[in-house]
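Structure data (CSV, C-alpha atoms) from query-v2.csv:
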chain,number,residue,atom,x,y,z
A,19,ALA,CA,-6.9,-2.9,5.5
A,20,THR,CA,-3.4,-3.0,4.1
A,21,LEU,CA,-2.1,0.0,6.0
A,22,VAL,CA,-3.2,1.8,9.2
A,23,SER,CA,-1.2,4.7,10.6
A,24,VAL,CA,-1.7,7.1,13.4
A,25,THR,CA,-1.0,10.6,11.9
A,26,THR,CA,-0.9,14.3,12.5
A,27,GLY,CA,-2.7,16.7,10.2
A,28,GLY,CA,-6.4,16.9,9.2
A,29,ARG,CA,-7.2,13.4,10.5
A,30,PRO,CA,-5.8,11.2,13.3
A,31,VAL,CA,-5.7,8.0,11.3
A,32,THR,CA,-5.0,7.2,7.6
A,33,THR,CA,-5.7,3.8,6.2
A,34,GLU,CA,-5.5,1.9,2.9
A,35,VAL,CA,-8.1,-0.8,2.1
A,36,SER,CA,-8.3,-3.1,-0.9
A,37,GLY,CA,-11.2,-5.1,-2.4
A,38,ARG,CA,-12.0,-7.3,-5.3
A,39,GLY,CA,-13.9,-4.7,-7.3
A,40,LEU,CA,-15.5,-1.4,-6.6
A,41,ALA,CA,-18.6,-2.8,-4.9
A,42,GLU,CA,-16.5,-4.7,-2.3
A,43,LEU,CA,-14.2,-1.6,-1.8
A,44,THR,CA,-17.2,0.6,-1.3
A,45,ALA,CA,-18.6,-1.8,1.3
A,46,GLU,CA,-15.4,-1.8,3.2
A,47,VAL,CA,-15.2,2.0,3.3
A,48,ASP,CA,-18.8,2.0,4.5
A,49,GLU,CA,-17.9,-0.3,7.3
A,50,ILE,CA,-15.2,2.1,8.4
A,51,ARG,CA,-17.6,5.0,8.2
A,52,ALA,CA,-20.0,3.1,10.5
A,53,LEU,CA,-17.5,2.8,13.3
A,54,PRO,CA,-18.5,4.9,16.3
A,55,GLN,CA,-15.1,6.4,16.6
A,56,ALA,CA,-15.0,7.6,12.9
A,57,GLY,CA,-16.0,11.2,13.0
A,58,GLY,CA,-15.6,11.5,9.2
A,59,VAL,CA,-14.1,9.6,6.4
A,60,THR,CA,-12.6,11.0,3.2
A,61,ALA,CA,-11.9,8.4,0.5
A,62,ALA,CA,-9.8,8.4,-2.7
A,63,VAL,CA,-9.8,5.5,-5.2
A,64,TYR,CA,-6.5,4.4,-6.8
A,65,THR,CA,-6.8,4.2,-10.5
A,66,ARG,CA,-3.1,3.5,-11.2
A,67,VAL,CA,-0.1,2.9,-9.0
A,68,LEU,CA,2.8,4.9,-10.3
A,69,LYS,CA,5.4,3.8,-7.7
A,70,ALA,CA,5.4,1.2,-4.9
A,71,ALA,CA,7.3,-1.6,-3.3
A,72,PRO,CA,8.4,-4.2,-5.8
A,73,CYS,CA,5.7,-6.7,-4.9
A,74,PHE,CA,2.9,-4.1,-5.3
A,75,GLY,CA,1.1,-3.8,-8.6
A,76,ALA,CA,2.0,-7.2,-10.1
A,77,ALA,CA,1.0,-8.2,-13.6
A,78,PRO,CA,-2.4,-9.9,-14.0
A,79,LEU,CA,-2.4,-13.3,-12.2
A,80,ARG,CA,-2.2,-16.4,-14.4
A,81,VAL,CA,-4.2,-18.4,-11.8
A,82,SER,CA,-7.4,-18.2,-9.9
A,83,PRO,CA,-6.7,-18.9,-6.2
A,84,ASP,CA,-9.3,-21.0,-4.5
A,85,ASP,CA,-10.2,-20.9,-0.8
A,86,THR,CA,-7.3,-23.2,0.2
A,87,ASP,CA,-4.9,-21.1,-1.8
A,88,ARG,CA,-6.2,-18.0,0.0
A,89,ARG,CA,-5.6,-19.7,3.4
A,90,LEU,CA,-2.1,-20.5,2.4
A,91,LEU,CA,-1.5,-16.9,1.2
A,92,ALA,CA,-2.8,-15.7,4.6
A,93,LEU,CA,-0.4,-18.0,6.4
A,94,LEU,CA,2.5,-16.8,4.3
A,95,GLU,CA,1.6,-13.2,4.9
A,96,SER,CA,1.5,-13.7,8.7
A,97,ASP,CA,4.8,-15.6,8.7
A,98,GLY,CA,6.8,-16.1,5.5
A,99,ARG,CA,9.1,-18.5,7.3
A,100,LEU,CA,6.5,-21.2,7.8
A,101,SER,CA,7.5,-24.6,6.4
A,102,PHE,CA,5.3,-26.6,4.1
A,103,ALA,CA,4.8,-29.2,6.9
A,104,GLU,CA,3.7,-26.4,9.3
A,105,MET,CA,1.2,-25.0,6.8
A,106,ALA,CA,0.0,-28.5,5.9
A,107,GLY,CA,-1.2,-29.1,9.4
A,108,ARG,CA,-3.2,-25.9,9.3
A,109,VAL,CA,-5.0,-26.5,6.0
A,110,GLU,CA,-5.4,-30.3,6.4
A,111,LEU,CA,-3.3,-31.2,3.3
A,112,SER,CA,-0.1,-33.1,2.9
A,113,ALA,CA,3.2,-31.2,2.9
A,114,GLY,CA,3.7,-32.2,-0.8
A,115,ALA,CA,0.3,-30.9,-1.7
A,116,VAL,CA,1.0,-27.6,0.0
A,117,ARG,CA,4.4,-27.4,-1.7
A,118,SER,CA,2.7,-27.9,-5.1
A,119,ARG,CA,0.1,-25.2,-4.4
A,120,VAL,CA,2.7,-22.7,-3.2
A,121,MET,CA,5.0,-23.3,-6.2
A,122,ARG,CA,2.0,-22.9,-8.5
A,123,LEU,CA,1.1,-19.6,-6.8
A,124,LEU,CA,4.8,-18.4,-7.1
A,125,GLU,CA,5.0,-19.3,-10.8
A,126,ALA,CA,1.7,-17.5,-11.5
A,127,GLY,CA,2.8,-14.3,-9.7
A,128,ALA,CA,0.3,-14.6,-6.8
A,129,VAL,CA,3.3,-14.8,-4.4
A,130,ARG,CA,6.6,-13.1,-4.6
A,131,VAL,CA,9.7,-13.6,-2.5
A,132,THR,CA,11.0,-10.1,-2.0
A,133,ALA,CA,13.4,-8.3,0.4
A,134,LEU,CA,12.1,-5.0,1.6
A,135,LEU,CA,14.3,-2.5,3.3
A,136,ASP,CA,12.9,-1.1,6.5
A,137,PRO,CA,13.3,2.7,6.1
A,138,ALA,CA,14.3,3.0,9.7
A,139,ALA,CA,17.3,0.9,9.0
A,140,ASP,CA,18.3,3.3,6.3
A,141,ALA,CA,18.2,6.3,8.7
A,142,LEU,CA,14.8,7.4,7.3
A,143,ALA,CA,13.1,7.7,10.6
A,144,ALA,CA,10.4,10.2,9.6
A,145,HIS,CA,7.5,9.1,7.5
A,146,GLY,CA,4.6,11.1,6.1
A,147,GLY,CA,2.2,11.4,3.3
A,148,PHE,CA,0.5,13.8,1.0
A,149,ALA,CA,-2.6,14.4,-1.2
A,150,ALA,CA,-2.1,16.6,-4.3
A,151,ARG,CA,-4.2,18.2,-7.0
A,152,LEU,CA,-2.7,18.6,-10.5
A,153,GLU,CA,-3.5,21.6,-12.7
A,154,ASP,CA,-3.3,19.5,-15.9
A,155,ASP,CA,-3.4,15.8,-16.9
A,156,SER,CA,-0.1,15.7,-18.9
A,157,GLY,CA,1.5,13.3,-16.4
A,158,ASP,CA,4.7,15.2,-16.3
A,159,ALA,CA,4.3,16.4,-12.7
A,160,ALA,CA,3.2,12.9,-11.5
A,161,ALA,CA,6.2,11.3,-13.2
A,162,GLU,CA,8.6,13.9,-11.7
A,163,ILE,CA,7.2,13.3,-8.2
A,164,ALA,CA,7.4,9.5,-8.6
A,165,ALA,CA,11.1,9.8,-9.6
A,166,ARG,CA,11.9,11.5,-6.3
A,167,GLU,CA,14.0,9.2,-4.1
A,168,GLU,CA,12.1,10.2,-1.0
A,169,VAL,CA,8.7,9.1,-2.4
A,170,GLY,CA,8.0,5.5,-1.6
A,171,PHE,CA,4.5,5.2,-2.9
A,172,LEU,CA,2.5,7.2,-5.4
A,173,ALA,CA,-0.9,6.6,-7.0
A,174,ARG,CA,-3.3,8.4,-9.4
A,175,CYS,CA,-6.7,8.7,-7.8
A,176,LEU,CA,-10.3,9.5,-8.2
A,177,GLY,CA,-11.8,11.7,-5.5
A,178,PRO,CA,-10.6,14.8,-3.6
A,179,ALA,CA,-7.0,14.2,-4.8
A,180,ASP,CA,-5.4,13.4,-8.1
A,181,LEU,CA,-2.3,12.0,-6.4
A,182,VAL,CA,-1.8,10.2,-3.0
A,183,GLY,CA,1.7,9.3,-1.9
A,184,THR,CA,4.1,8.6,1.0
A,185,VAL,CA,7.5,9.9,1.7
A,186,ALA,CA,10.4,9.2,4.1
A,187,ALA,CA,13.2,11.4,5.4
A,188,SER,CA,15.8,11.4,8.2
A,189,SER,CA,13.7,13.9,10.3
A,190,ALA,CA,10.5,15.8,10.4
A,191,SER,CA,12.3,18.9,9.1
A,192,GLY,CA,13.5,16.7,6.2
A,193,LEU,CA,9.9,15.8,5.4
A,194,HIS,CA,9.0,19.5,5.4
A,195,GLU,CA,11.8,20.2,2.9
A,196,VAL,CA,10.4,17.4,0.6
A,197,PHE,CA,6.9,18.9,0.8
A,198,GLU,CA,8.2,22.4,0.1
A,199,ARG,CA,10.0,21.1,-3.0
A,200,MET,CA,6.8,19.6,-4.2
A,201,ARG,CA,4.9,22.8,-3.6
A,202,SER,CA,7.5,24.7,-5.7
A,203,ARG,CA,6.7,22.6,-8.7
A,204,PRO,CA,4.4,24.4,-11.1
A,205,GLY,CA,1.1,22.6,-11.7
A,206,VAL,CA,1.1,20.8,-8.3
A,207,HIS,CA,-1.1,21.9,-5.4
A,208,LEU,CA,-0.5,20.0,-2.1
A,209,ALA,CA,-4.0,19.8,-0.7
A,210,GLU,CA,-2.9,18.0,2.5
A,211,THR,CA,0.3,16.7,4.2
A,212,TRP,CA,0.7,14.5,7.3
A,213,LEU,CA,3.3,13.0,9.5
A,214,SER,CA,3.0,9.4,10.5
A,215,LEU,CA,3.5,8.9,14.2
A,216,SER,CA,3.2,5.1,14.2
A,217,HIS,CA,2.2,2.3,11.8
A,218,VAL,CA,-0.4,0.1,13.4
A,219,LYS,CA,-0.5,-2.3,10.4
A,220,GLU,CA,1.4,-2.5,7.2
A,221,ARG,CA,1.2,-5.1,4.4
A,222,HIS,CA,3.1,-5.1,1.2
A,223,ASP,CA,0.8,-7.2,-1.0
A,224,ALA,CA,-1.2,-6.2,-4.0
Could you render the structure from this file as structure tokens?
Amino acid sequence: ATLVSVTTGGRPVTTEVSGRGLAELTAEVDEIRALPQAGGVTAAVYTRVLKAAPCFGAAPLRVSPDDTDRRLLALLESDGRLSFAEMAGRVELSAGAVRSRVMRLLEAGAVRVTALLDPAADALAAHGGFAARLEDDSGDAAAEIAAREEVGFLARCLGPADLVGTVAASSASGLHEVFERMRSRPGVHLAETWLSLSHVKERHDA
């Protein structure tokens, strides 16, 4: 799970999961459906990310990470300030070997050093999301929504929605105004909107 949020609206929790291929993704969604607390799960599959954080949707990797590489990636994800020596002790390699592996992953695009602005620090205290249906497949409406400054993430989907996105504003009323502007756009039907009450987990990796 790359994102888990407590939300208002039609469901109390929204989540984003990733997998290596459709079969793995399906298995992960099935695991969520099997949870005793999950009264019902609606899933949409991203076919193309139209807008996201800079480190999302990288170009195809020029390296195939092995199990040790994945352990190093997990360590960097949990704490990007770890030194090579600290990571070396956890994966049973020398600091030099860890440095070589991390530099290879950086050069291949598997790791990016990126500064991400916390929306709360930019006075964008209210966060929400939406699912939308499009009346045509020209792409104009999707491109217009992606260009909006308030939209932080947007993906084309298969499933009950053609688009799924997230927005940020200074207040809940600001979010409402953003959603109303989307609703006024011909060819766009907002099937669902929600307000994020808290982020339980959030990762910015592809």
> Suppose you want the space between atom CA of A:Val35 and atom CA of A:Asp85; what is it in Å?
Replying inline: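 Spanning atom CA of A:Val35 to atom CA of A:Asp85 is a straight-line distance of 20.4 Å.
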> Mind listing as number ranges by chain all residues within 12 Å of (-10.9, 7.0, -6.4), counting all atoms listed in the file?
Replying inline: A: 34-36, 40, 43-44, 47, 60-67, 173-182
> Between atom CA of A:Leu124 and atom CA of A:Arg108, what is the spacing in Å?
Replying inline: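 Pair atom CA of A:Arg108 / atom CA of A:Leu124 returns 19.7 Å.
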>> What does the structure give for the distance between atom CA of A:Thr33 and atom CA of A:Glu46, in Å to one decimal?
In response: 11.6 Å
>> Under the rule that only C-alpha atoms are counted, which of A:Val59, A:Pro204, A:Ala164, A:Leu68 is the nearest residue to A:Thr32?
In response: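 Among the listed residues, A:Val59 lies closest to A:Thr32.
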